[in-house]
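Asker: Got a structure here, written out as structure tokens. Questions coming.
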Amino acid sequence: MKSLLAVLLLLALTLPSEANRRAKNHKGGKQEKSRLSSECSTTETQFGKCVPKDRGCGDGLRDASCRDVTEKIYCKVPCNWKKDIGDCKYKFGPWGSCEADTDTKSRSGTLKRALFNAECQPTVRVSKPCSPIHKK
């Protein structure tokens, strides 16, 4: 009888710790949604562009294809980023001076890294309108 009681006590003490360990190792949430469920590596996987759910930015979905399996995975488009270079990360130099004929200033950037196996240009040039302060 004492041995049965000892086994039950031991079981009662180990079950909660095992459940707690499983809960700690479960990543859940958006992390799980952003991974392909198949056993493909990221180099084997072809990723599509991130398509925001509404407006031009925010939470969205992208196609991820590997071995004839295509899934939708979670992604995010920053609201302050250029959509055409979104999966390519660049190091930009300072803004140039305001060009009077176009009323814009520009700067160039060199590629730091490509995310999701994106095809990126080695250098890009972006521009924005001149601020009203510099027009005077």
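Letters for chains follow the order of the structure tokens (A, B, ...), residue numbers begin at 1 for each chain, and ligand numbers begin at 1 in the order shown.
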Among segment 58-89 of chain A, which residues does DSSP mark as strand (DSSP E or B) when it is run on the backbone? Keep the chain and numbering as in the structure and answer as a PyMOL selection string.

Answerer: chain A and resi 58-66+69-77+88-89

Asker: With a distance cut-off of 10 Å and only C-alpha atoms, select the neighbouring residues of Gly109 of chain A, excluding the residue or stretch itself and same-chain residues fewer than 3 positions from it, and output the selection as a PDB file with all heavy atoms, in the first residue's frame.

Answerer:
ATOM      1  N   LYS A  89      17.301  44.367 -47.686  1.00  0.00           N
ATOM      2  CA  LYS A  89      17.756  45.333 -46.695  1.00  0.00           C
ATOM      3  C   LYS A  89      18.993  46.043 -47.225  1.00  0.00           C
ATOM      4  O   LYS A  89      19.965  45.406 -47.619  1.00  0.00           O
ATOM      5  CB  LYS A  89      18.068  44.649 -45.360  1.00  0.00           C
ATOM      6  CG  LYS A  89      16.859  43.984 -44.745  1.00  0.00           C
ATOM      7  CD  LYS A  89      15.769  44.980 -44.477  1.00  0.00           C
ATOM      8  CE  LYS A  89      14.510  44.294 -43.996  1.00  0.00           C
ATOM      9  NZ  LYS A  89      13.362  45.141 -44.037  1.00  0.00           N
ATOM     10  N   TYR A  90      18.946  47.378 -47.221  1.00  0.00           N
ATOM     11  CA  TYR A  90      20.015  48.206 -47.776  1.00  0.00           C
ATOM     12  C   TYR A  90      20.608  49.127 -46.719  1.00  0.00           C
ATOM     13  O   TYR A  90      19.936  49.519 -45.771  1.00  0.00           O
ATOM     14  CB  TYR A  90      19.475  49.068 -48.928  1.00  0.00           C
ATOM     15  CG  TYR A  90      19.063  48.258 -50.137  1.00  0.00           C
ATOM     16  CD1 TYR A  90      17.763  47.792 -50.280  1.00  0.00           C
ATOM     17  CD2 TYR A  90      19.980  47.959 -51.122  1.00  0.00           C
ATOM     18  CE1 TYR A  90      17.396  47.045 -51.388  1.00  0.00           C
ATOM     19  CE2 TYR A  90      19.625  47.221 -52.241  1.00  0.00           C
ATOM     20  CZ  TYR A  90      18.330  46.772 -52.359  1.00  0.00           C
ATOM     21  OH  TYR A  90      17.970  46.023 -53.457  1.00  0.00           O
ATOM     22  N   LYS A  91      21.857  49.495 -46.917  1.00  0.00           N
ATOM     23  CA  LYS A  91      22.500  50.516 -46.096  1.00  0.00           C
ATOM     24  C   LYS A  91      22.515  51.785 -46.939  1.00  0.00           C
ATOM     25  O   LYS A  91      23.118  51.821 -48.013  1.00  0.00           O
ATOM     26  CB  LYS A  91      23.922  50.100 -45.728  1.00  0.00           C
ATOM     27  CG  LYS A  91      24.630  51.140 -44.877  1.00  0.00           C
ATOM     28  CD  LYS A  91      25.939  50.591 -44.340  1.00  0.00           C
ATOM     29  CE  LYS A  91      26.687  51.612 -43.527  1.00  0.00           C
ATOM     30  NZ  LYS A  91      26.008  52.058 -42.346  1.00  0.00           N
ATOM     31  N   PHE A  92      21.824  52.814 -46.442  1.00  0.00           N
ATOM     32  CA  PHE A  92      21.668  54.052 -47.195  1.00  0.00           C
ATOM     33  C   PHE A  92      22.638  55.123 -46.729  1.00  0.00           C
ATOM     34  O   PHE A  92      22.968  55.207 -45.551  1.00  0.00           O
ATOM     35  CB  PHE A  92      20.239  54.583 -47.050  1.00  0.00           C
ATOM     36  CG  PHE A  92      19.231  53.797 -47.840  1.00  0.00           C
ATOM     37  CD1 PHE A  92      18.512  52.766 -47.258  1.00  0.00           C
ATOM     38  CD2 PHE A  92      19.018  54.073 -49.176  1.00  0.00           C
ATOM     39  CE1 PHE A  92      17.600  52.037 -47.982  1.00  0.00           C
ATOM     40  CE2 PHE A  92      18.102  53.349 -49.921  1.00  0.00           C
ATOM     41  CZ  PHE A  92      17.385  52.327 -49.316  1.00  0.00           C
ATOM     42  N   GLY A  93      23.053  55.931 -47.677  1.00  0.00           N
ATOM     43  CA  GLY A  93      23.879  57.090 -47.382  1.00  0.00           C
ATOM     44  C   GLY A  93      22.988  58.266 -47.000  1.00  0.00           C
ATOM     45  O   GLY A  93      21.760  58.134 -46.921  1.00  0.00           O
ATOM     46  N   PRO A  94      23.575  59.448 -46.806  1.00  0.00           N
ATOM     47  CA  PRO A  94      22.770  60.622 -46.440  1.00  0.00           C
ATOM     48  C   PRO A  94      21.937  61.128 -47.617  1.00  0.00           C
ATOM     49  O   PRO A  94      22.254  60.855 -48.778  1.00  0.00           O
ATOM     50  CB  PRO A  94      23.831  61.652 -46.034  1.00  0.00           C
ATOM     51  CG  PRO A  94      25.066  61.224 -46.754  1.00  0.00           C
ATOM     52  CD  PRO A  94      24.997  59.740 -46.876  1.00  0.00           C
ATOM     53  N   LYS A 112      22.564  45.018 -48.113  1.00  0.00           N
ATOM     54  CA  LYS A 112      23.156  44.377 -46.933  1.00  0.00           C
ATOM     55  C   LYS A 112      22.817  42.892 -46.937  1.00  0.00           C
ATOM     56  O   LYS A 112      23.673  42.053 -46.746  1.00  0.00           O
ATOM     57  CB  LYS A 112      22.626  45.006 -45.643  1.00  0.00           C
ATOM     58  CG  LYS A 112      23.246  46.332 -45.327  1.00  0.00           C
ATOM     59  CD  LYS A 112      22.971  46.883 -43.941  1.00  0.00           C
ATOM     60  CE  LYS A 112      21.809  46.357 -43.180  1.00  0.00           C
ATOM     61  NZ  LYS A 112      21.547  47.039 -41.921  1.00  0.00           N
ATOM     62  N   GLN A 121      18.359  44.067 -56.087  1.00  0.00           N
ATOM     63  CA  GLN A 121      19.337  44.842 -56.851  1.00  0.00           C
ATOM     64  C   GLN A 121      20.510  45.154 -55.931  1.00  0.00           C
ATOM     65  O   GLN A 121      20.310  45.438 -54.749  1.00  0.00           O
ATOM     66  CB  GLN A 121      18.699  46.139 -57.341  1.00  0.00           C
ATOM     67  CG  GLN A 121      17.507  45.941 -58.233  1.00  0.00           C
ATOM     68  CD  GLN A 121      16.799  47.260 -58.507  1.00  0.00           C
ATOM     69  OE1 GLN A 121      17.337  48.329 -58.287  1.00  0.00           O
ATOM     70  NE2 GLN A 121      15.580  47.166 -58.996  1.00  0.00           N
ATOM     71  N   PRO A 122      21.739  45.156 -56.451  1.00  0.00           N
ATOM     72  CA  PRO A 122      22.898  45.454 -55.593  1.00  0.00           C
ATOM     73  C   PRO A 122      22.883  46.886 -55.051  1.00  0.00           C
ATOM     74  O   PRO A 122      23.328  47.125 -53.940  1.00  0.00           O
ATOM     75  CB  PRO A 122      24.098  45.208 -56.484  1.00  0.00           C
ATOM     76  CG  PRO A 122      23.587  44.974 -57.854  1.00  0.00           C
ATOM     77  CD  PRO A 122      22.121  44.777 -57.795  1.00  0.00           C
ATOM     78  N   THR A 123      22.348  47.829 -55.829  1.00  0.00           N
ATOM     79  CA  THR A 123      22.205  49.209 -55.353  1.00  0.00           C
ATOM     80  C   THR A 123      20.834  49.731 -55.764  1.00  0.00           C
ATOM     81  O   THR A 123      20.293  49.331 -56.802  1.00  0.00           O
ATOM     82  CB  THR A 123      23.285  50.157 -55.940  1.00  0.00           C
ATOM     83  OG1 THR A 123      23.189  50.129 -57.360  1.00  0.00           O
ATOM     84  CG2 THR A 123      24.679  49.747 -55.507  1.00  0.00           C
ATOM     85  N   VAL A 124      20.261  50.590 -54.946  1.00  0.00           N
ATOM     86  CA  VAL A 124      18.976  51.221 -55.252  1.00  0.00           C
ATOM     87  C   VAL A 124      19.077  52.715 -54.976  1.00  0.00           C
ATOM     88  O   VAL A 124      19.952  53.170 -54.223  1.00  0.00           O
ATOM     89  CB  VAL A 124      17.813  50.635 -54.412  1.00  0.00           C
ATOM     90  CG1 VAL A 124      17.528  49.208 -54.801  1.00  0.00           C
ATOM     91  CG2 VAL A 124      18.069  50.753 -52.944  1.00  0.00           C
ATOM     92  N   ARG A 125      18.187  53.460 -55.598  1.00  0.00           N
ATOM     93  CA  ARG A 125      18.118  54.900 -55.377  1.00  0.00           C
ATOM     94  C   ARG A 125      16.678  55.233 -55.014  1.00  0.00           C
ATOM     95  O   ARG A 125      15.750  54.845 -55.730  1.00  0.00           O
ATOM     96  CB  ARG A 125      18.559  55.647 -56.627  1.00  0.00           C
ATOM     97  CG  ARG A 125      18.738  57.117 -56.431  1.00  0.00           C
ATOM     98  CD  ARG A 125      19.509  57.689 -57.647  1.00  0.00           C
ATOM     99  NE  ARG A 125      19.883  59.069 -57.423  1.00  0.00           N
ATOM    100  CZ  ARG A 125      20.928  59.468 -56.708  1.00  0.00           C
ATOM    101  NH1 ARG A 125      21.697  58.577 -56.132  1.00  0.00           N
ATOM    102  NH2 ARG A 125      21.203  60.734 -56.570  1.00  0.00           N
ATOM    103  N   VAL A 126      16.479  55.908 -53.890  1.00  0.00           N
ATOM    104  CA  VAL A 126      15.144  56.315 -53.454  1.00  0.00           C
ATOM    105  C   VAL A 126      15.097  57.829 -53.369  1.00  0.00           C
ATOM    106  O   VAL A 126      16.124  58.485 -53.180  1.00  0.00           O
ATOM    107  CB  VAL A 126      14.761  55.682 -52.088  1.00  0.00           C
ATOM    108  CG1 VAL A 126      14.615  54.184 -52.214  1.00  0.00           C
ATOM    109  CG2 VAL A 126      15.757  56.024 -51.018  1.00  0.00           C
TER     110      VAL A 126
END

Asker: Tell me which of A:Glu119, A:Asp63, A:Glu99, A:Glu71 sits closest to Asp87 of chain A, counting only C-alpha atoms.

Answerer: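 Between A:Glu119, A:Asp63, A:Glu99, A:Glu71, the residue approaching Asp87 of chain A most closely is A:Glu119.
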
Asker: Pick out the closest residue to Arg107 of chain A from this set: A:Ser127, A:Cys88, A:Cys120, A:Cys75. Count only C-alpha atoms.

Answerer: A:Ser127
